[in-house]
file query15.txt (compact mmCIF, C-alpha atoms)
# COMPACT_ATOMS: atom_id res chain seq x y z
CA MET D 1 126.16 138.70 88.48
CA ALA D 2 125.00 142.29 88.59
CA ASN D 3 128.50 143.50 87.71
CA THR D 4 128.51 141.75 84.36
CA LEU D 5 125.11 143.23 83.59
CA ARG D 6 126.36 146.76 84.23
CA SER D 7 129.45 146.39 82.08
CA TYR D 8 127.48 144.59 79.36
CA LEU D 9 124.98 147.44 79.18
CA THR D 10 127.70 150.11 79.34
CA CYS D 11 129.51 148.45 76.47
CA ILE D 12 126.32 148.38 74.42
CA ARG D 13 125.62 152.00 75.25
CA ASN D 14 129.08 153.11 74.13
CA THR D 15 128.84 151.14 70.91
CA LEU D 16 125.45 152.64 70.16
CA GLU D 17 126.72 156.14 70.76
CA ALA D 18 129.45 155.52 68.24
CA ALA D 19 127.18 153.75 65.76
CA MET D 20 124.25 156.12 65.83
CA CYS D 21 125.56 158.58 63.28
CA LEU D 22 122.92 158.24 60.67
CA GLN D 23 122.17 160.49 57.78
CA ASN D 24 119.71 160.47 54.99
CA PHE D 25 120.92 158.50 51.98
CA PRO D 26 118.68 157.93 48.94
CA CYS D 27 118.93 154.49 47.41
CA GLN D 28 121.77 154.11 44.93
CA GLU D 29 120.17 151.41 42.87
CA VAL D 30 116.61 152.55 42.46
CA GLU D 31 115.64 156.12 41.66
CA ARG D 32 113.58 158.05 44.16
CA HIS D 33 113.65 155.24 46.69
CA ASN D 34 114.97 155.54 50.20
CA LYS D 35 115.64 152.25 51.92
CA PRO D 36 117.40 151.27 55.14
CA GLU D 37 120.70 150.02 53.80
CA VAL D 38 121.35 147.68 56.74
CA GLU D 39 118.33 145.63 55.70
CA LEU D 40 119.37 145.39 52.06
CA GLN D 41 123.03 144.54 52.68
CA THR D 42 123.83 145.08 48.99
CA SER D 43 126.51 147.77 48.83
CA ALA D 44 129.59 147.01 50.89
CA GLU D 45 130.72 150.64 51.00
CA LEU D 46 127.57 151.68 52.85
CA LEU D 47 127.91 149.10 55.60
CA LEU D 48 130.12 149.20 58.65
CA ASN D 49 131.56 146.16 60.40
CA PRO D 50 128.96 144.51 62.63
CA VAL D 51 129.84 144.42 66.31
CA LEU D 52 128.96 141.43 68.50
CA ILE D 53 128.92 141.97 72.28
CA CYS D 54 128.63 138.76 74.32
CA ARG D 55 127.81 138.72 78.00
CA ASN D 56 128.12 134.94 78.10
CA GLU D 57 127.27 132.06 75.78
CA ALA D 58 123.55 132.56 76.19
CA GLU D 59 123.30 136.35 76.00
CA LYS D 60 124.63 138.47 73.19
CA CYS D 61 123.92 141.61 71.23
CA LEU D 62 124.64 142.23 67.56
CA ILE D 63 124.88 145.81 66.29
CA GLU D 64 124.97 146.30 62.55
CA THR D 65 125.33 149.80 61.16
CA SER D 66 125.04 151.36 57.76
CA VAL D 67 125.00 154.91 56.46
CA ASN D 68 121.31 155.53 57.11
CA SER D 69 120.18 152.78 59.44
CA LEU D 70 121.16 150.71 62.44
CA ARG D 71 120.02 147.24 63.46
CA ILE D 72 120.32 145.94 67.03
CA SER D 73 119.58 142.25 67.68
CA ILE D 74 119.42 140.81 71.18
CA LYS D 75 119.53 137.24 72.39
CA VAL D 76 118.02 136.90 75.88
CA LYS D 77 119.13 134.33 78.46
CA GLN D 78 116.79 131.34 78.74
CA ALA D 79 117.90 128.99 81.46
CA ASP D 80 115.05 126.45 81.54
CA GLU D 81 111.87 125.41 79.79
CA LEU D 82 109.69 127.85 81.74
CA GLU D 83 111.95 130.85 80.99
CA ASN D 84 111.99 129.74 77.38
CA ILE D 85 108.22 129.94 76.92
CA LEU D 86 107.91 133.10 79.01
CA THR D 87 110.54 134.86 76.89
CA LYS D 88 108.99 133.71 73.65
CA LYS D 89 105.52 134.76 74.79
CA PHE D 90 106.65 138.17 76.02
CA LEU D 91 108.81 139.03 73.01
CA ARG D 92 106.13 137.90 70.60
CA PHE D 93 103.71 140.16 72.49
CA LEU D 94 106.11 143.08 71.99
CA SER D 95 106.90 142.33 68.35
CA MET D 96 103.21 142.29 67.50
CA ARG D 97 103.02 145.86 68.81
CA ALA D 98 106.05 146.94 66.79
CA GLU D 99 103.94 149.65 65.16
CA ALA D 100 103.51 151.37 68.51
CA PHE D 101 107.20 151.15 69.28
CA GLN D 102 108.37 152.52 65.91
CA VAL D 103 111.96 151.41 66.35
CA LEU D 104 111.10 147.73 66.90
CA ARG D 105 111.42 145.21 64.08
CA ARG D 106 108.44 142.92 63.55
CA LYS D 107 110.57 139.83 63.21
CA PRO D 108 113.83 139.23 65.02
CA VAL D 109 116.96 138.58 63.00
CA GLN D 110 117.75 134.89 62.48
CA GLY D 111 119.35 133.47 65.62
CA TYR D 112 118.17 136.25 67.96
CA ASP D 113 115.11 136.90 70.09
CA ILE D 114 114.29 140.52 69.28
CA SER D 115 115.56 143.22 66.92
CA PHE D 116 115.41 146.99 66.57
CA LEU D 117 115.70 148.96 63.37
CA ILE D 118 116.65 152.62 63.79
CA THR D 119 116.71 154.84 60.73
CA ASN D 120 117.89 158.39 60.18
CA TYR D 121 114.28 159.54 60.37
CA HIS D 122 114.03 158.27 63.93
CA CYS D 123 117.20 160.15 64.77
CA GLU D 124 115.77 163.33 63.34
CA GLU D 125 112.56 162.96 65.33
CA MET D 126 114.07 161.91 68.63
CA HIS D 127 117.03 162.90 70.75
CA LYS D 128 119.91 160.51 70.17
CA HIS D 129 120.90 160.06 73.79
CA LYS D 130 117.30 159.52 74.85
CA LEU D 131 116.92 156.89 72.16
CA ILE D 132 119.98 155.06 73.46
CA ASP D 133 118.58 155.36 77.00
CA PHE D 134 115.41 153.75 75.74
CA ILE D 135 117.20 150.80 74.15
CA VAL D 136 119.26 150.12 77.27
CA GLN D 137 116.23 150.47 79.53
CA PHE D 138 114.33 148.12 77.24
CA MET D 139 116.97 145.46 77.70
CA GLU D 140 116.93 145.84 81.47
CA ASP D 141 113.14 145.73 81.50
CA ILE D 142 113.01 142.51 79.52
CA ASP D 143 115.29 140.79 82.00
CA LYS D 144 113.33 142.14 84.93
CA GLU D 145 109.98 141.18 83.45
CA ILE D 146 111.01 137.60 82.64
CA SER D 147 112.34 136.98 86.12
CA GLU D 148 109.26 138.54 87.72
CA LEU D 149 106.95 136.42 85.57
CA LYS D 150 108.88 133.31 86.50
CA LEU D 151 108.69 134.22 90.16
CA SER D 152 104.96 134.82 89.97
CA VAL D 153 104.42 131.44 88.32
CA ASN D 154 106.43 129.68 91.03
CA THR D 155 104.69 131.55 93.83
CA ARG D 156 101.28 130.84 92.38
CA GLY D 157 102.23 127.17 91.95
CA ARG D 158 103.24 126.99 95.59
CA LEU D 159 99.99 128.59 96.77
CA VAL D 160 97.84 126.41 94.52
CA ALA D 161 99.52 123.30 95.85
CA THR D 162 99.30 124.37 99.48
CA GLU D 163 95.61 125.25 99.26
CA PHE D 164 94.82 121.96 97.57
CA LEU D 165 96.69 119.87 100.10
CA LYS D 166 95.18 121.79 103.02
CA GLN D 167 91.78 120.45 102.00
CA PHE D 168 92.81 116.99 103.07
CA VAL D 169 94.09 117.89 106.51
CA MET C 1 80.81 117.53 75.61
CA TRP C 2 78.69 117.40 78.72
CA ASN C 3 75.00 117.57 77.88
CA SER C 4 72.13 118.20 80.24
CA TYR C 5 68.49 118.52 79.50
CA LEU C 6 66.05 120.23 81.83
CA GLN C 7 62.33 119.83 81.52
CA PHE C 8 59.59 121.54 83.46
CA SER C 9 55.94 120.65 83.49
CA THR C 10 53.25 123.37 83.46
CA LYS C 11 50.78 121.17 85.27
CA GLU C 12 53.00 120.07 88.11
CA HIS C 13 54.98 123.16 89.05
CA GLN C 14 57.17 121.43 91.55
CA ILE C 15 58.47 118.73 89.27
CA MET C 16 61.66 119.10 87.27
CA VAL C 17 63.20 116.40 85.08
CA LEU C 18 66.95 116.51 84.53
CA SER C 19 68.72 114.35 81.98
CA MET C 20 72.45 114.07 81.77
CA ALA C 21 74.68 112.68 79.04
CA ILE C 22 78.19 111.45 79.66
CA PRO C 23 80.49 111.11 76.63
CA ALA C 24 81.77 107.63 75.85
CA PRO C 25 84.50 106.64 78.28
CA PRO C 26 87.98 105.56 77.11
CA PRO C 27 88.36 101.79 76.69
CA GLU C 28 89.97 101.15 80.05
CA THR C 29 87.00 102.54 81.97
CA VAL C 30 84.02 100.35 82.70
CA PHE C 31 80.46 101.65 82.88
CA ILE C 32 77.68 99.46 84.22
CA GLY C 33 74.32 100.16 82.58
CA GLY C 34 75.72 103.31 81.02
CA LEU C 35 76.86 104.75 84.35
CA PRO C 36 79.98 104.43 86.47
CA LEU C 37 80.06 101.87 89.26
CA GLY C 38 78.06 102.93 92.30
CA ALA C 39 76.43 105.93 90.60
CA ILE C 40 72.86 104.98 91.46
CA GLU C 41 73.68 104.47 95.14
CA ALA C 42 75.60 107.73 95.24
CA ILE C 43 72.65 109.66 93.83
CA LYS C 44 70.22 108.10 96.30
CA LEU C 45 72.60 108.89 99.12
CA ALA C 46 73.23 112.46 98.08
CA TYR C 47 69.70 113.56 97.31
CA GLY C 48 67.41 111.37 99.37
CA ALA C 49 63.68 111.72 98.85
CA VAL C 50 63.91 114.76 96.60
CA VAL C 51 65.14 112.76 93.64
CA GLN C 52 63.67 109.80 91.83
CA ILE C 53 65.68 108.02 89.17
CA LEU C 54 63.75 107.30 86.00
CA ASP C 55 64.58 104.11 84.18
CA PRO C 56 65.21 103.94 81.25
CA PRO C 57 66.87 107.35 80.85
CA LYS C 58 65.77 109.74 78.12
CA ASP C 59 66.92 108.79 74.65
CA GLY C 60 70.50 109.88 74.03
CA TYR C 61 71.23 110.49 77.72
CA ASN C 62 72.81 108.30 80.36
CA LEU C 63 70.74 109.36 83.34
CA THR C 64 67.33 110.90 83.94
CA ILE C 65 66.22 112.02 87.37
CA LYS C 66 62.95 113.54 88.50
CA LEU C 67 63.26 116.24 91.12
CA ASN C 68 60.39 117.05 93.43
CA LEU C 69 61.06 120.63 94.46
CA SER C 70 58.33 120.60 97.07
CA LYS C 71 60.38 118.09 99.02
CA LEU C 72 63.35 120.43 99.46
CA PRO C 73 64.24 121.23 103.09
CA THR C 74 62.63 124.41 104.42
CA ASP C 75 65.75 125.59 106.19
CA GLU C 76 67.43 128.17 103.92
CA GLU C 77 70.98 126.93 104.40
CA LYS C 78 70.12 123.25 103.98
CA ARG C 79 68.04 124.09 100.93
CA HIS C 80 70.90 126.00 99.34
CA ALA C 81 73.38 123.23 100.11
CA LEU C 82 71.11 120.63 98.53
CA LEU C 83 70.55 122.75 95.44
CA VAL C 84 74.31 123.14 95.02
CA LYS C 85 74.61 119.39 95.36
CA ILE C 86 71.97 118.84 92.68
CA ALA C 87 73.87 121.17 90.37
CA SER C 88 76.98 119.05 90.92
CA VAL C 89 75.20 115.89 89.78
CA ARG C 90 77.95 115.29 87.23
CA GLU C 91 80.57 115.09 89.96
CA VAL C 92 78.33 112.81 92.04
CA VAL C 93 77.91 110.43 89.12
CA LEU C 94 81.50 110.39 87.89
CA GLY C 95 83.00 110.36 91.36
CA ALA C 96 80.80 107.46 92.47
CA PRO C 97 83.38 104.69 91.98
CA LEU C 98 85.91 106.81 93.84
CA ARG C 99 83.44 107.20 96.66
CA VAL C 100 82.88 103.45 96.79
CA VAL C 101 86.59 102.76 97.02
CA LEU C 102 87.23 105.44 99.64
CA LYS C 103 84.26 104.35 101.73
CA HIS C 104 85.83 100.93 101.95
CA LEU C 105 89.09 102.58 102.98
CA GLN C 106 87.24 104.08 105.97
CA SER C 107 86.73 100.57 107.26
CA ARG C 108 90.12 99.46 106.04
CA THR C 109 88.67 96.97 103.61
CA VAL C 110 88.65 96.60 99.85
CA ALA C 111 85.47 96.55 97.77
CA PRO C 112 84.71 93.03 96.61
CA ASP C 113 85.13 92.10 92.93
CA ILE C 114 87.22 95.13 92.20
CA ASP C 115 90.23 95.17 89.87
CA ARG C 116 93.75 95.95 91.08
CA LEU C 117 93.70 99.02 88.85
CA VAL C 118 90.43 100.95 88.51
CA ALA C 119 90.00 103.57 85.79
CA LEU C 120 87.62 106.51 86.25
CA VAL C 121 86.53 109.16 83.80
CA HIS C 122 87.02 112.78 84.79
CA ARG C 123 87.33 114.43 81.39
CA PRO C 124 86.20 113.48 77.89
CA LYS C 125 88.21 110.42 76.78
CA GLU C 126 90.56 110.77 79.75
CA SER C 127 90.65 108.81 82.95
CA PHE C 128 92.59 108.62 86.15
CA PHE C 129 93.50 105.49 88.09
CA LEU C 130 92.91 104.07 91.54
CA LEU C 131 94.74 101.27 93.26
CA PRO C 132 92.53 100.26 96.15
CA GLN C 133 94.21 98.49 99.05
CA ALA C 134 93.07 97.79 102.59
CA GLU C 135 95.31 100.34 104.31
CA LYS C 136 95.65 102.96 101.54
CA VAL C 137 94.38 104.00 98.13
CA THR C 138 96.83 105.25 95.52
CA VAL C 139 95.42 107.71 92.98
CA VAL C 140 97.37 108.38 89.78
CA PHE C 141 96.48 111.23 87.41
CA PRO C 142 98.03 111.30 83.94
CA MET C 143 98.01 115.01 83.15
CA ARG C 144 97.49 116.08 79.57
CA PHE C 145 97.17 119.56 78.09
CA LYS C 146 96.62 120.66 74.53
CA ASP C 147 98.67 123.83 74.43
CA ASN C 148 102.46 123.80 74.82
CA ILE C 149 102.44 126.79 77.16
CA ASP C 150 99.72 125.20 79.31
CA THR C 151 101.85 122.06 79.56
CA VAL C 152 104.98 123.88 80.73
CA LEU C 153 103.07 125.97 83.28
CA ALA C 154 101.18 122.92 84.54
CA THR C 155 104.43 120.96 84.88
CA SER C 156 105.92 123.72 87.00
CA PHE C 157 102.74 123.85 89.16
CA LEU C 158 102.63 120.09 89.62
CA GLN C 159 106.26 119.94 90.69
CA GLU C 160 105.35 122.48 93.37
CA PHE C 161 102.95 120.00 94.93
CA VAL C 162 105.83 117.88 96.12
CA GLU C 163 107.69 120.94 97.43
CA ALA C 164 104.63 122.46 99.10
CA ARG C 165 103.92 119.37 101.12
CA ARG C 166 107.43 119.33 102.45
CA THR C 167 107.88 122.97 103.32
CA ALA C 168 104.44 123.99 104.55
CA GLY C 169 104.54 121.31 107.23
CA LEU C 170 101.56 119.57 105.73
CA ASN C 171 102.64 116.21 107.01
CA ASN C 172 99.08 115.02 107.40
CA ALA C 173 98.21 115.75 103.79
CA PRO C 174 98.38 112.83 101.37
CA PRO C 175 101.92 112.17 100.16
CA CYS C 176 102.22 113.26 96.57
CA LEU C 177 104.72 112.60 93.84
CA TRP C 178 105.22 113.86 90.34
CA SER C 179 107.09 112.03 87.61
CA PRO C 180 107.43 112.63 83.88
CA SER C 181 107.13 108.92 83.11
CA PRO C 182 104.38 106.52 84.18
CA PRO C 183 104.87 105.33 87.76
CA LEU C 184 105.16 101.62 88.67
CA GLU C 185 101.57 101.56 89.87
CA LEU C 186 100.35 101.90 86.30
CA ARG C 187 101.82 98.56 85.27
CA GLY C 188 99.26 96.78 83.12
CA ALA C 189 97.35 99.89 82.10
CA PRO C 190 96.57 100.27 78.37
CA ILE C 191 99.17 102.09 76.29
CA GLN C 192 97.17 105.21 75.50
CA ALA C 193 96.75 105.87 79.19
CA LEU C 194 100.49 105.91 79.65
CA THR C 195 101.30 109.06 77.65
CA ALA C 196 100.89 112.34 79.46
CA ASN C 197 102.65 115.50 78.36
CA ALA C 198 102.54 117.10 81.80
CA GLY C 199 103.65 114.03 83.72
CA PHE C 200 101.91 111.84 86.29
CA VAL C 201 100.74 112.96 89.73
CA THR C 202 100.36 110.33 92.44
CA PHE C 203 98.47 110.82 95.70
CA VAL C 204 98.35 108.26 98.49
CA ILE C 205 95.13 108.48 100.48
CA PHE C 206 95.12 107.05 103.98
CA PRO C 207 92.12 106.24 106.20
CA ARG C 208 92.61 109.47 108.16
CA HIS C 209 91.82 111.45 105.00
CA VAL C 210 88.43 109.86 104.57
CA GLU C 211 87.14 109.53 108.12
CA SER C 212 83.48 110.53 108.52
CA ARG C 213 82.96 114.09 107.30
CA LYS C 214 86.17 114.27 105.31
CA LEU C 215 85.03 111.64 102.80
CA ASP C 216 82.89 113.97 100.70
CA ARG C 217 85.55 116.66 100.61
CA THR C 218 88.23 114.19 99.57
CA VAL C 219 86.06 112.75 96.81
CA TRP C 220 85.31 116.23 95.51
CA SER C 221 88.96 117.37 95.63
CA LEU C 222 90.18 114.34 93.75
CA SER C 223 87.40 114.39 91.16
CA SER C 224 88.03 118.02 90.32
CA PHE C 225 91.83 117.91 90.51
CA HIS C 226 92.49 118.33 86.80
CA ALA C 227 89.91 121.11 86.53
CA TYR C 228 91.55 122.86 89.49
CA VAL C 229 95.01 122.75 87.95
CA SER C 230 93.88 123.87 84.51
CA TYR C 231 91.82 126.72 86.02
CA HIS C 232 94.90 128.04 87.76
CA VAL C 233 97.02 127.62 84.64
CA LYS C 234 94.53 129.80 82.74
CA CYS C 235 94.49 132.37 85.55
CA SER C 236 98.25 132.46 85.43
CA GLU C 237 98.23 133.16 81.71
CA GLY C 238 95.64 135.90 82.15
CA PHE C 239 97.77 137.50 84.84
CA MET C 240 100.85 137.35 82.63
CA HIS C 241 98.96 139.08 79.83
CA THR C 242 97.94 141.90 82.13
CA ARG C 243 101.53 142.34 83.31
CA MET C 244 102.90 142.33 79.77
CA ARG C 245 100.36 144.93 78.67
CA ARG C 246 101.36 147.15 81.56
CA ARG C 247 105.03 146.73 80.73
CA VAL C 248 104.38 147.63 77.07
CA GLU C 249 102.62 150.82 78.18
CA SER C 250 105.52 151.86 80.38
CA LEU C 251 108.02 151.19 77.59
CA ILE C 252 106.06 153.28 75.12
CA GLU C 253 105.99 156.07 77.67
CA ALA C 254 109.77 155.82 77.88
CA LEU C 255 109.99 156.09 74.12
CA ASP C 256 107.75 159.15 74.08
CA ARG C 257 110.15 160.82 76.44
CA ALA C 258 112.79 160.46 73.74
CA LYS C 259 110.83 162.75 71.48
CA PRO C 260 111.54 166.47 71.85
CA ASP C 261 108.62 168.59 73.09
CA VAL C 262 106.38 169.39 70.15
CA GLU C 263 105.24 172.91 69.42
CA LYS C 264 106.51 174.58 72.47
CA SER C 265 105.56 178.17 71.97
CA LYS C 266 107.21 181.02 73.82
CA LYS C 267 105.74 184.38 74.55
CA THR C 268 107.70 187.57 74.06
CA ALA C 269 107.38 190.57 76.31
CA HIS C 270 104.79 192.19 74.07
CA GLY C 271 102.51 189.18 74.16
CA ARG C 272 103.47 187.96 70.74
CA SER C 273 104.31 184.25 70.57
CA PHE C 274 106.56 182.40 68.22
CA LYS C 275 106.77 178.72 67.44
CA ARG C 276 110.07 176.97 67.72
CA ARG C 277 110.99 174.97 64.65
CA ALA C 278 112.04 171.44 65.63
call {"tool": "encode", "arguments": {"input": "query15.txt", "output": "C-alpha cells"}}
result
Amino acid sequence: MANTLRSYLTCIRNTLEAAMCLQNFPCQEVERHNKPEVELQTSAELLLNPVLICRNEAEKCLIETSVNSLRISIKVKQADELENILTKKFLRFLSMRAEAFQVLRRKPVQGYDISFLITNYHCEEMHKHKLIDFIVQFMEDIDKEISELKLSVNTRGRLVATEFLKQFV
Amino acid sequence: MWNSYLQFSTKEHQIMVLSMAIPAPPPETVFIGGLPLGAIEAIKLAYGAVVQILDPPKDGYNLTIKLNLSKLPTDEEKRHALLVKIASVREVVLGAPLRVVLKHLQSRTVAPDIDRLVALVHRPKESFFLLPQAEKVTVVFPMRFKDNIDTVLATSFLQEFVEARRTAGLNNAPPCLWSPSPPLELRGAPIQALTANAGFVTFVIFPRHVESRKLDRTVWSLSSFHAYVSYHVKCSEGFMHTRMRRRVESLIEALDRAKPDVEKSKKTAHGRSFKRRA
C-alpha cells in the first residue's frame, strides 16, 4: 500500500517539475489585463494537454497547464461514510483559508475534492522546487490527517462506550 | 425548552419555591396529571421532608415544589449530595416511570396495569421505549440528530457500544445492540417513533443491574443516555477543529519555507552593507 503512494507522489512530482515552467503572459483578448489562462480555457495555443495521474479508481490527480498558470486538482480516497464527512469537513476548512495559502483555489474543480492554482507570480516569489515540495507534502498531510481523525473518532467511541457500560457493572 | 422558575421570599429566608415546566410530550407518551407516571412518589422518595409539593402547580408549569432549606442535613457531604439531587429534579421527574419499572425488576415482577410498550420522554418531542418483563427490561432508544455530521459520528460511536462490550470483557454489563432499522421490540409503536437517522440502540437490563444501590445509577445512566452521546459527539467535533487548525498552521509554515529569505543584507569588510535584490 505504501509503495503505490510513493510512486504516485513521485509521478506527480515529476509531472509538476515539467509543468511548472510559467512565464508572464498578458491577456490576448483584453488590453492591459493579465489573467491565468488555465482558468479561462479560451485560446487553445496557450494550453498544454492536461495530465491525469490515477493511483486507483478512487484517487487521482489532474494537472492542467497553460503558459502562465497551472491548476492541480486532487481527488482524495473516501472509503466509508465517516471518511467522507471527515474529508469534506477538513477540505472545506482548508478552502475557506485559501487566502492564507495563496496557491489554493477557493472552490475545487468539478469532480475533485481540492484544487491549487499556481501562477507565474507565485513562481517568481517562491522557489520552484520548494513549491513542488509543498504540494507533495500537502497531499501526504491530507491523507495522514484524515486517517488520524478517523482513528481518534473510533478510539473516542470505544472509550465512551466502555465508560458508559462500566457504570452498570 | 425546559423552563424553571425560582422564587424566594424575603420574609421566610429559608423557603424557596421551584416551578418546572415540561414541554408537551409526543403522542405515544402518557402523562398523568401533567407529570410522568410515578413522578410524585419519586420526588417524595428523593427529597424527603425538605420538599413539599404544591398542588395545583404554578400557572404554565407542570410542577411546583416548596423547599425548606432549614431542613437540609447538617453534614456537609449529605447536604451537597441532596442539593445536587434537587438540581436534577428534571431527571427525577422524567425518569420516574423508568424507576417504577426497574424497581419492579428488582423483585422480578411487572408493575400492574402497565402497557407492553412504555414510552418515556427524555428530550423535547422525543421518547424512548421500555418493554417491562418479569426477568428483564428491554430499553430501546431511537437516536435522532439534526446535523448530518453529528449523525455520522453518533452512528460510529453507537456501533462501538456493541464492540466495546465484547472486547473489554464487560460481560456483566447489559447486552446492547445497534441497528439502523427499528428492532422487533418496537412492533406496534406509532410511525413517527420508528424513524431515527442514527439508528436504534437496545439495552437489556437484568435484575443484577438494579439491585439495591445500583438502581439509582442505572436510572440516571439510562435517562441521560442521549445527552451523554451527543455531548461526546460535540467534544469530538471540537477536538477535530483544534487538530485541523493546527494542521493548517503547519502547512502554512511549510509554504513560508518556499519563499526565499527576504531582505538578507550582507556586510562588507568596511562595514558597509548592501541589500540583495530578490
call {"tool": "closest_atom_pairs", "arguments": {"input": "query15.txt", "of": "segment 60-140 of chain D", "to": "segment 237-258 of chain C", "cutoff": "7 Å", "atoms": "only C-alpha atoms", "output": "Markdown table"}}
result
| residue | atom | partner | partner_atom | distance |
| --- | --- | --- | --- | --- |
| D:Phe90 | CA | C:Met244 | CA | 6.7 |
| D:Phe101 | CA | C:Ile252 | CA | 6.3 |
| D:Met126 | CA | C:Ala258 | CA | 5.5 |
| D:His127 | CA | C:Ala258 | CA | 5.7 |
| D:Lys130 | CA | C:Ala258 | CA | 4.7 |
| D:Leu131 | CA | C:Ala258 | CA | 5.7 |
| D:Phe134 | CA | C:Leu255 | CA | 6.1 |
call {"tool": "interface_residues", "arguments": {"input": "query15.txt", "of": "chain C", "to": "chain D", "cutoff": "8 Å", "atoms": "only C-alpha atoms", "output": "PyMOL selection string"}}
result
chain C and resi 149+152-153+156-158+160-161+163-165+168+170+172-174+209+214+217-218+221+232+236+240+244+247-248+251-252+254-255+257-260
call {"tool": "residues_near_point", "arguments": {"input": "query15.txt", "point": "(62.9, 118.1, 84.8)", "cutoff": "9 Å", "atoms": "only C-alpha atoms", "output": "ChimeraX atom specification"}}
result
/C:5-9,15-19,64-67
call {"tool": "atom_distance", "arguments": {"input": "query15.txt", "atom1": "atom CA of Asp113 of chain D", "atom2": "atom CA of Lys75 of chain D"}}
result
5.0 Å
call {"tool": "atom_distance", "arguments": {"input": "query15.txt", "atom1": "atom CA of Leu151 of chain D", "atom2": "atom CA of Ser223 of chain C"}}
result
29.1 Å
call {"tool": "atom_distance", "arguments": {"input": "query15.txt", "atom1": "atom CA of Leu120 of chain C", "atom2": "atom CA of Pro97 of chain C"}}
result
7.4 Å
call {"tool": "closest_atom_pairs", "arguments": {"input": "query15.txt", "of": "segment 29-121 of chain D", "to": "segment 15-22 of chain D", "cutoff": "6 Å", "atoms": "all atoms listed in the file", "output": "CSV"}}
result
residue,atom,partner,partner_atom,distance
D:Val67,CA,D:Leu22,CA,5.8
D:Asn68,CA,D:Leu22,CA,4.8
D:Asn120,CA,D:Leu22,CA,5.1
call {"tool": "write_last_selection", "arguments": {"input": "query15.txt", "atoms": "C-alpha atoms", "output": "compact mmCIF listing (two decimals), keeping the file's coordinate frame"}}
result
# COMPACT_ATOMS: atom_id res chain seq x y z
CA VAL D 67 125.00 154.91 56.46
CA ASN D 68 121.31 155.53 57.11
CA ASN D 120 117.89 158.39 60.18
call {"tool": "closest_residue", "arguments": {"input": "query15.txt", "among": "C:Gly169, C:Asn62, C:Met143, C:Thr74", "to": "Tyr228 of chain C", "atoms": "only C-alpha atoms"}}
result
C:Met143
